[in-house]
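Enquirer: File name model.pdb; file contents PDB, C-alpha atoms, pLDDT in the B column; full text below.
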ATOM      1  CA  MET P  19       3.902  17.380  16.465  1.00 44.00           C
ATOM      2  CA  LEU P  20       5.305  13.929  15.733  1.00 45.00           C
ATOM      3  CA  ARG P  21       2.301  12.327  17.449  1.00 46.00           C
ATOM      4  CA  THR P  22      -0.243  14.076  15.220  1.00 47.00           C
ATOM      5  CA  GLN P  23       1.699  13.088  12.101  1.00 50.00           C
ATOM      6  CA  THR P  24       1.884   9.428  13.083  1.00 46.00           C
ATOM      7  CA  LEU P  25      -1.678   9.131  14.397  1.00 44.00           C
ATOM      8  CA  PRO P  26      -3.286   8.647  10.928  1.00 52.00           C
ATOM      9  CA  ILE P  27      -0.693   6.001  10.061  1.00 51.00           C
ATOM     10  CA  VAL P  28      -1.283   4.142  13.311  1.00 45.00           C
ATOM     11  CA  CYS P  29      -5.050   4.301  12.721  1.00 45.00           C
ATOM     12  CA  VAL P  30      -4.706   2.921   9.185  1.00 46.00           C
ATOM     13  CA  ILE P  31      -2.518   0.049  10.385  1.00 51.00           C
ATOM     14  CA  ALA P  32      -4.872  -0.732  13.262  1.00 45.00           C
ATOM     15  CA  LEU P  33      -7.839  -0.706  10.878  1.00 44.00           C
ATOM     16  CA  ALA P  34      -6.045  -2.985   8.413  1.00 47.00           C
ATOM     17  CA  LEU P  35      -5.210  -5.434  11.183  1.00 43.00           C
ATOM     18  CA  LEU P  36      -8.768  -5.310  12.483  1.00 40.00           C
ATOM     19  CA  ILE P  37     -10.198  -5.947   9.022  1.00 43.00           C
ATOM     20  CA  GLY P  38      -7.787  -8.834   8.535  1.00 47.00           C
ATOM     21  CA  ALA P  39      -8.690 -10.325  11.903  1.00 44.00           C
ATOM     22  CA  CYS P  40     -12.423 -10.012  11.195  1.00 42.00           C
ATOM     23  CA  GLY P  41     -12.181 -11.370   7.663  1.00 43.00           C
ATOM     24  CA  ASP P  42     -14.115 -14.486   8.724  1.00 42.00           C
ATOM     25  CA  GLY P  43     -17.187 -12.440   9.623  1.00 41.00           C
ATOM     26  CA  GLY P  44     -16.117 -11.828  13.211  1.00 40.00           C
ATOM     27  CA  GLU P  45     -16.320 -15.478  14.259  1.00 40.00           C
ATOM     28  CA  GLN P  46     -13.242 -17.024  15.773  1.00 41.00           C
ATOM     29  CA  ALA P  47     -12.145 -20.422  14.568  1.00 40.00           C
ATOM     30  CA  ASP P  48     -12.002 -23.196  17.154  1.00 41.00           C
ATOM     31  CA  ASP P  49      -9.384 -25.049  15.152  1.00 40.00           C
ATOM     32  CA  MET P  50      -6.090 -23.207  14.530  1.00 39.00           C
ATOM     33  CA  THR P  51      -5.649 -25.205  11.301  1.00 42.00           C
ATOM     34  CA  ASP P  52      -8.626 -23.374   9.776  1.00 41.00           C
ATOM     35  CA  THR P  53      -7.552 -22.036   6.369  1.00 42.00           C
ATOM     36  CA  THR P  54      -9.089 -18.609   7.022  1.00 42.00           C
ATOM     37  CA  GLU P  55      -6.925 -18.085  10.092  1.00 44.00           C
ATOM     38  CA  THR P  56      -3.839 -19.507   8.376  1.00 41.00           C
ATOM     39  CA  ALA P  57      -4.255 -17.187   5.372  1.00 43.00           C
ATOM     40  CA  MET P  58      -4.068 -14.130   7.649  1.00 44.00           C
ATOM     41  CA  MET P  59      -0.802 -15.180   9.271  1.00 46.00           C
ATOM     42  CA  PRO P  60       2.336 -13.385   8.008  1.00 45.00           C
ATOM     43  CA  THR P  61       4.230 -15.487   5.509  1.00 47.00           C
ATOM     44  CA  PRO P  62       7.881 -15.995   6.425  1.00 62.00           C
ATOM     45  CA  GLY P  63      10.435 -14.746   3.950  1.00 80.00           C
ATOM     46  CA  SER P  64      10.735 -11.802   1.654  1.00 87.00           C
ATOM     47  CA  VAL P  65       9.097 -11.256  -1.707  1.00 91.00           C
ATOM     48  CA  THR P  66       9.653  -8.590  -4.349  1.00 94.00           C
ATOM     49  CA  VAL P  67       6.819  -6.913  -6.233  1.00 94.00           C
ATOM     50  CA  ALA P  68       7.256  -4.512  -9.153  1.00 96.00           C
ATOM     51  CA  GLY P  69       4.675  -2.154 -10.598  1.00 96.00           C
ATOM     52  CA  THR P  70       3.244   1.334 -10.197  1.00 95.00           C
ATOM     53  CA  LEU P  71       2.968   3.166  -6.878  1.00 96.00           C
ATOM     54  CA  ILE P  72      -0.680   4.182  -6.516  1.00 95.00           C
ATOM     55  CA  ASP P  73      -2.999   5.945  -4.107  1.00 93.00           C
ATOM     56  CA  SER P  74      -5.078   3.017  -2.826  1.00 93.00           C
ATOM     57  CA  LYS P  75      -8.180   5.100  -2.025  1.00 91.00           C
ATOM     58  CA  CYS P  76      -8.595   6.755  -5.417  1.00 90.00           C
ATOM     59  CA  TYR P  77      -7.664   3.572  -7.275  1.00 92.00           C
ATOM     60  CA  GLY P  78     -10.293   1.760  -5.218  1.00 90.00           C
ATOM     61  CA  MET P  79     -12.912   4.297  -6.337  1.00 88.00           C
ATOM     62  CA  ASN P  80     -11.858   4.189  -9.998  1.00 88.00           C
ATOM     63  CA  HIS P  81      -9.366   1.738 -11.526  1.00 90.00           C
ATOM     64  CA  ASP P  82      -8.485   4.364 -14.149  1.00 89.00           C
ATOM     65  CA  ASN P  83      -6.699   6.362 -11.393  1.00 89.00           C
ATOM     66  CA  LEU P  84      -3.261   4.929 -12.109  1.00 87.00           C
ATOM     67  CA  GLY P  85      -1.341   8.193 -12.234  1.00 88.00           C
ATOM     68  CA  ASN P  86      -1.056  11.167  -9.929  1.00 90.00           C
ATOM     69  CA  ASP P  87      -3.994  13.120 -11.433  1.00 90.00           C
ATOM     70  CA  HIS P  88      -7.313  11.455 -10.600  1.00 89.00           C
ATOM     71  CA  GLY P  89     -10.740  11.475 -12.131  1.00 88.00           C
ATOM     72  CA  MET P  90     -13.612  12.185  -9.756  1.00 87.00           C
ATOM     73  CA  PRO P  91     -17.150  10.746  -9.891  1.00 85.00           C
ATOM     74  CA  ASP P  92     -18.478  14.090 -11.198  1.00 89.00           C
ATOM     75  CA  GLY P  93     -16.163  13.883 -14.232  1.00 86.00           C
ATOM     76  CA  SER P  94     -13.632  16.460 -13.017  1.00 90.00           C
ATOM     77  CA  THR P  95      -9.916  15.770 -12.628  1.00 91.00           C
ATOM     78  CA  VAL P  96      -7.868  16.642  -9.559  1.00 91.00           C
ATOM     79  CA  ALA P  97      -4.216  17.338 -10.397  1.00 93.00           C
ATOM     80  CA  GLY P  98      -1.726  15.848  -7.934  1.00 92.00           C
ATOM     81  CA  CYS P  99      -4.466  13.965  -6.076  1.00 91.00           C
ATOM     82  CA  GLY P 100      -2.376  10.813  -5.522  1.00 91.00           C
ATOM     83  CA  ALA P 101       0.459  12.710  -3.842  1.00 94.00           C
ATOM     84  CA  ALA P 102      -2.001  14.783  -1.801  1.00 94.00           C
ATOM     85  CA  CYS P 103      -3.752  11.659  -0.486  1.00 93.00           C
ATOM     86  CA  ALA P 104      -0.417  10.054   0.413  1.00 94.00           C
ATOM     87  CA  LYS P 105       0.701  13.211   2.234  1.00 95.00           C
ATOM     88  CA  MET P 106      -2.522  13.013   4.287  1.00 94.00           C
ATOM     89  CA  GLY P 107      -1.584   9.490   5.340  1.00 93.00           C
ATOM     90  CA  LEU P 108      -3.850   7.466   3.085  1.00 94.00           C
ATOM     91  CA  PRO P 109      -2.159   4.169   2.195  1.00 95.00           C
ATOM     92  CA  VAL P 110      -0.168   3.798  -0.980  1.00 96.00           C
ATOM     93  CA  ALA P 111       0.035   0.504  -2.820  1.00 96.00           C
ATOM     94  CA  VAL P 112       1.872  -1.245  -5.612  1.00 96.00           C
ATOM     95  CA  LEU P 113      -0.216  -2.126  -8.649  1.00 95.00           C
ATOM     96  CA  GLU P 114       1.660  -5.191  -9.865  1.00 94.00           C
ATOM     97  CA  GLY P 115       2.905  -4.751 -13.401  1.00 89.00           C
ATOM     98  CA  GLY P 116       1.316  -1.294 -13.502  1.00 81.00           C
ATOM     99  CA  THR P 117      -1.675  -2.561 -15.457  1.00 85.00           C
ATOM    100  CA  LYS P 118      -5.292  -1.737 -14.650  1.00 85.00           C
ATOM    101  CA  ASP P 119      -7.077  -4.408 -12.568  1.00 84.00           C
ATOM    102  CA  ALA P 120      -3.831  -6.225 -11.652  1.00 91.00           C
ATOM    103  CA  LYS P 121      -3.079  -7.423  -8.118  1.00 93.00           C
ATOM    104  CA  VAL P 122      -2.658  -4.610  -5.575  1.00 94.00           C
ATOM    105  CA  TYR P 123      -0.289  -4.774  -2.593  1.00 95.00           C
ATOM    106  CA  VAL P 124      -1.084  -2.211   0.099  1.00 96.00           C
ATOM    107  CA  LEU P 125       2.117  -1.019   1.769  1.00 95.00           C
ATOM    108  CA  VAL P 126       1.940  -1.172   5.556  1.00 93.00           C
ATOM    109  CA  ALA P 127       4.302   1.776   5.934  1.00 92.00           C
ATOM    110  CA  PRO P 128       4.202   5.558   6.270  1.00 93.00           C
ATOM    111  CA  SER P 129       2.817   6.938   3.018  1.00 94.00           C
ATOM    112  CA  ALA P 130       3.756  10.621   3.322  1.00 95.00           C
ATOM    113  CA  PRO P 131       7.472  10.065   2.553  1.00 95.00           C
ATOM    114  CA  LEU P 132       6.425   8.230  -0.630  1.00 96.00           C
ATOM    115  CA  ALA P 133       4.011  10.922  -1.863  1.00 95.00           C
ATOM    116  CA  ASP P 134       6.412  12.355  -4.460  1.00 95.00           C
ATOM    117  CA  HIS P 135       6.711   8.903  -6.063  1.00 95.00           C
ATOM    118  CA  VAL P 136       3.010   8.212  -6.697  1.00 95.00           C
ATOM    119  CA  SER P 137       2.534   7.027 -10.315  1.00 94.00           C
ATOM    120  CA  LYS P 138       6.198   6.040 -10.684  1.00 95.00           C
ATOM    121  CA  GLU P 139       7.543   2.567 -11.384  1.00 96.00           C
ATOM    122  CA  VAL P 140       8.535   0.916  -8.099  1.00 96.00           C
ATOM    123  CA  ARG P 141      10.115  -2.259  -6.841  1.00 96.00           C
ATOM    124  CA  VAL P 142       9.291  -3.264  -3.263  1.00 96.00           C
ATOM    125  CA  SER P 143      10.833  -6.081  -1.244  1.00 94.00           C
ATOM    126  CA  GLY P 144       9.313  -7.096   2.034  1.00 94.00           C
ATOM    127  CA  MET P 145       7.188  -9.436   4.061  1.00 93.00           C
ATOM    128  CA  PRO P 146       3.716 -10.268   2.760  1.00 91.00           C
ATOM    129  CA  VAL P 147       0.960  -9.931   5.369  1.00 89.00           C
ATOM    130  CA  TYR P 148      -2.729 -10.819   5.169  1.00 82.00           C
ATOM    131  CA  ASP P 149      -4.150 -11.282   1.700  1.00 84.00           C
ATOM    132  CA  SER P 150      -2.721  -8.310  -0.164  1.00 89.00           C
ATOM    133  CA  GLY P 151      -0.575  -6.327   2.222  1.00 93.00           C
ATOM    134  CA  MET P 152       3.171  -5.975   2.469  1.00 93.00           C
ATOM    135  CA  ILE P 153       5.496  -4.649   5.130  1.00 93.00           C
ATOM    136  CA  PRO P 154       8.274  -3.226   2.957  1.00 94.00           C
ATOM    137  CA  GLY P 155      11.907  -3.623   3.866  1.00 93.00           C
ATOM    138  CA  LYS P 156      13.151  -1.825   0.763  1.00 94.00           C
ATOM    139  CA  ILE P 157      11.392   0.479  -1.693  1.00 96.00           C
ATOM    140  CA  GLU P 158      13.042   1.536  -4.949  1.00 96.00           C
ATOM    141  CA  VAL P 159      11.838   3.919  -7.660  1.00 96.00           C
ATOM    142  CA  LYS P 160      13.036   3.928 -11.252  1.00 95.00           C
ATOM    143  CA  ASP P 161      14.548   7.334 -12.094  1.00 92.00           C
ATOM    144  CA  ALA P 162      14.507   9.172 -15.449  1.00 91.00           C
ATOM    145  CA  GLN P 163      17.682   7.355 -16.551  1.00 94.00           C
ATOM    146  CA  GLY P 164      16.174   3.940 -15.786  1.00 93.00           C
ATOM    147  CA  ALA P 165      18.232   3.288 -12.648  1.00 95.00           C
ATOM    148  CA  TRP P 166      16.652   2.026  -9.411  1.00 95.00           C
ATOM    149  CA  VAL P 167      16.943   4.524  -6.538  1.00 94.00           C
ATOM    150  CA  ASP P 168      16.314   3.518  -2.915  1.00 94.00           C
ATOM    151  CA  VAL P 169      13.505   5.644  -1.401  1.00 94.00           C
ATOM    152  CA  THR P 170      12.825   3.509   1.674  1.00 91.00           C
ATOM    153  CA  PRO P 171      11.523   5.805   4.412  1.00 86.00           C
ATOM    154  CA  GLY P 172      13.785   5.836   7.450  1.00 72.00           C
ATOM    155  CA  ALA P 173      12.617   4.059  10.611  1.00 60.00           C
ATOM    156  CA  MET P 174       9.556   2.431   9.122  1.00 53.00           C
ATOM    157  CA  MET P 175       7.652   2.008  12.400  1.00 51.00           C
TER     158      MET P 175
END
Could you quickly redo this structure as structure tokens?
Expert:
Amino acid sequence: MLRTQTLPIVCVIALALLIGACGDGGEQADDMTDTTETAMMPTPGSVTVAGTLIDSKCYGMNHDNLGNDHGMPDGSTVAGCGAACAKMGLPVAVLEGGTKDAKVYVLVAPSAPLADHVSKEVRVSGMPVYDSGMIPGKIEVKDAQGAWVDVTPGAMM
């Protein structure tokens, strides 16, 4: 059972790495100092990003999908869509500052354990990878009293 739960996550990570590696149109650079290749290398050190935890797929379809209930192309609304997508293994992301059209950091981590926190204010510390990805080391959610609560999934890969 563990294999079938981790398979979508592994596929998403593999796809993200493949997309990052092919970002130059599939051509390999002869010179390792090429800026395209350098930009895809993990940056050493940790950074912290704060914003709203979002469902990256639905936000990608419609930048108004900042919460947990999402508008569909036909005009309908699906309640709890963000959490449902995360539970299915679709990547979650941090929308920096929580404002529409801000920078998005896709979390390279299991999304299902974070499903109940979609649309909440988050603070994520970790290692930036490729253009807008992050391998989180620590994920915190602001609770109803305004305190930061650690929700980092155990054994993140």
Enquirer: Tell me, as a PDB file with C-alpha atoms, in the coordinates of the input, which residues lie within 12 Å of range 117-119 of chain P, counting only C-alpha atoms; anything in the same chain fewer than 2 positions away does not count.
Expert:
ATOM      1  CA  ALA P  68       7.256  -4.512  -9.153  1.00 96.00           C
ATOM      2  CA  GLY P  69       4.675  -2.154 -10.598  1.00 96.00           C
ATOM      3  CA  THR P  70       3.244   1.334 -10.197  1.00 95.00           C
ATOM      4  CA  LEU P  71       2.968   3.166  -6.878  1.00 96.00           C
ATOM      5  CA  ILE P  72      -0.680   4.182  -6.516  1.00 95.00           C
ATOM      6  CA  TYR P  77      -7.664   3.572  -7.275  1.00 92.00           C
ATOM      7  CA  GLY P  78     -10.293   1.760  -5.218  1.00 90.00           C
ATOM      8  CA  ASN P  80     -11.858   4.189  -9.998  1.00 88.00           C
ATOM      9  CA  HIS P  81      -9.366   1.738 -11.526  1.00 90.00           C
ATOM     10  CA  ASP P  82      -8.485   4.364 -14.149  1.00 89.00           C
ATOM     11  CA  ASN P  83      -6.699   6.362 -11.393  1.00 89.00           C
ATOM     12  CA  LEU P  84      -3.261   4.929 -12.109  1.00 87.00           C
ATOM     13  CA  GLY P  85      -1.341   8.193 -12.234  1.00 88.00           C
ATOM     14  CA  VAL P 112       1.872  -1.245  -5.612  1.00 96.00           C
ATOM     15  CA  LEU P 113      -0.216  -2.126  -8.649  1.00 95.00           C
ATOM     16  CA  GLU P 114       1.660  -5.191  -9.865  1.00 94.00           C
ATOM     17  CA  GLY P 115       2.905  -4.751 -13.401  1.00 89.00           C
ATOM     18  CA  LYS P 121      -3.079  -7.423  -8.118  1.00 93.00           C
ATOM     19  CA  VAL P 122      -2.658  -4.610  -5.575  1.00 94.00           C
ATOM     20  CA  SER P 137       2.534   7.027 -10.315  1.00 94.00           C
ATOM     21  CA  GLU P 139       7.543   2.567 -11.384  1.00 96.00           C
TER      22      GLU P 139
END
Enquirer: Rank P:Ala111, P:Ile153, P:Ala104, P:Val147 by their smallest atom-to-atom distance to Pro131 in chain P, using all atoms listed in the file, and report the top residue only.
Expert: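 Smallest distance to Pro131 in chain P is found for P:Ala104.
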Enquirer: Looking at all atoms listed in the file, which of P:Ser150, P:Ser129, P:Thr170, P:Ser94 is the one that sits closest to Val67 in chain P?
Expert: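 So, comparing all the options, the nearest one is P:Ser150.
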Enquirer: With a distance cut-off of 8 Å and all atoms listed in the file, select the neighbouring residues of Asp87 in chain P, excluding the residue or stretch itself and same-chain residues fewer than 6 positions from it, and output the selection as a list in words.
Expert: Thr95, Val96, Ala97, Gly98, Cys99 and Gly100 of chain P
Enquirer: Once you have the residues from the selection above, write them out as a PDB file, in the coordinates of the input, restricted to C-alpha atoms.
Expert:
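Heads up, here's the output in part-v9.pdb:
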ATOM      1  CA  THR P  95      -9.916  15.770 -12.628  1.00 91.00           C
ATOM      2  CA  VAL P  96      -7.868  16.642  -9.559  1.00 91.00           C
ATOM      3  CA  ALA P  97      -4.216  17.338 -10.397  1.00 93.00           C
ATOM      4  CA  GLY P  98      -1.726  15.848  -7.934  1.00 92.00           C
ATOM      5  CA  CYS P  99      -4.466  13.965  -6.076  1.00 91.00           C
ATOM      6  CA  GLY P 100      -2.376  10.813  -5.522  1.00 91.00           C
TER       7      GLY P 100
END
Enquirer: Determine the residue set returned by the PyMOL selection byres ((chain P and resi 158-163) around 8) for the present structure, and present it as a PyMOL selection string.
Expert: chain P and resi 135+138-142+156-157+164-170
Enquirer: When the PyMOL selection byres ((chain P and resi 105) around 7) is applied to the file above, which residues end up in the set, as a short mmCIF file (atom, residue, chain, number, x, y, z; two decimals) with C-alpha atoms, in the frame of the given file?
Expert:
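Everything below was put into expr-v1.cif:
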data_model
loop_
_atom_site.label_atom_id
_atom_site.label_comp_id
_atom_site.auth_asym_id
_atom_site.auth_seq_id
_atom_site.Cartn_x
_atom_site.Cartn_y
_atom_site.Cartn_z
CA ALA P 101 0.46 12.71 -3.84
CA ALA P 102 -2.00 14.78 -1.80
CA CYS P 103 -3.75 11.66 -0.49
CA ALA P 104 -0.42 10.05 0.41
CA MET P 106 -2.52 13.01 4.29
CA GLY P 107 -1.58 9.49 5.34
CA SER P 129 2.82 6.94 3.02
CA ALA P 130 3.76 10.62 3.32
CA ALA P 133 4.01 10.92 -1.86
#
Enquirer: Restricting the calculation to only C-alpha atoms, which member of P:Leu108, P:His88, P:Pro154, P:Asp149 is positioned closest to Leu125 in chain P?
Expert: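 Of all the options, P:Pro154 lies closest to Leu125 in chain P.
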Enquirer: Please enumerate the residues selected by the PyMOL selection byres ((chain P and resi 65) around 6) when evaluated against the supplied file, formatted as a list in words.
Expert: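 That selection, the PyMOL selection byres ((chain P and resi 65) around 6), comes back as Ser64, Thr66, Ser143 and Gly144 of chain P.
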Enquirer: Would you mind exporting the chosen residues as an mmCIF file, keeping the file's coordinate frame, restricted to C-alpha atoms?
Expert:
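What landed in selection.cif:
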data_model
loop_
_atom_site.group_PDB
_atom_site.id
_atom_site.type_symbol
_atom_site.label_atom_id
_atom_site.label_comp_id
_atom_site.auth_asym_id
_atom_site.auth_seq_id
_atom_site.Cartn_x
_atom_site.Cartn_y
_atom_site.Cartn_z
ATOM 1 C CA SER P 64 10.735 -11.802 1.654
ATOM 2 C CA THR P 66 9.653 -8.590 -4.349
ATOM 3 C CA SER P 143 10.833 -6.081 -1.244
ATOM 4 C CA GLY P 144 9.313 -7.096 2.034
#
Enquirer: Of the candidates P:Pro171, P:Cys76, P:Asp92, P:Pro109, which shows the shortest atom-to-atom distance to Tyr123 in chain P, using all atoms listed in the file?
Expert: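 Nearest to Tyr123 in chain P: P:Pro109.
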Enquirer: Interatomic distance between CA of Gly172 in chain P and CA of Val126 in chain P?
Expert: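 Atom-to-atom, CA of Gly172 in chain P to CA of Val126 in chain P, that is 13.9 Å.
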Enquirer: In Å to one decimal, how far is CA of Val110 in chain P from CA of Val136 in chain P?
Expert: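 Pair CA of Val136 in chain P / CA of Val110 in chain P returns 7.9 Å.
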Enquirer: Have a look at CA of Gly151 in chain P and CA of Ala127 in chain P and let me know their distance in Å, one decimal.
Expert: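 These atoms are spaced 10.2 Å apart.
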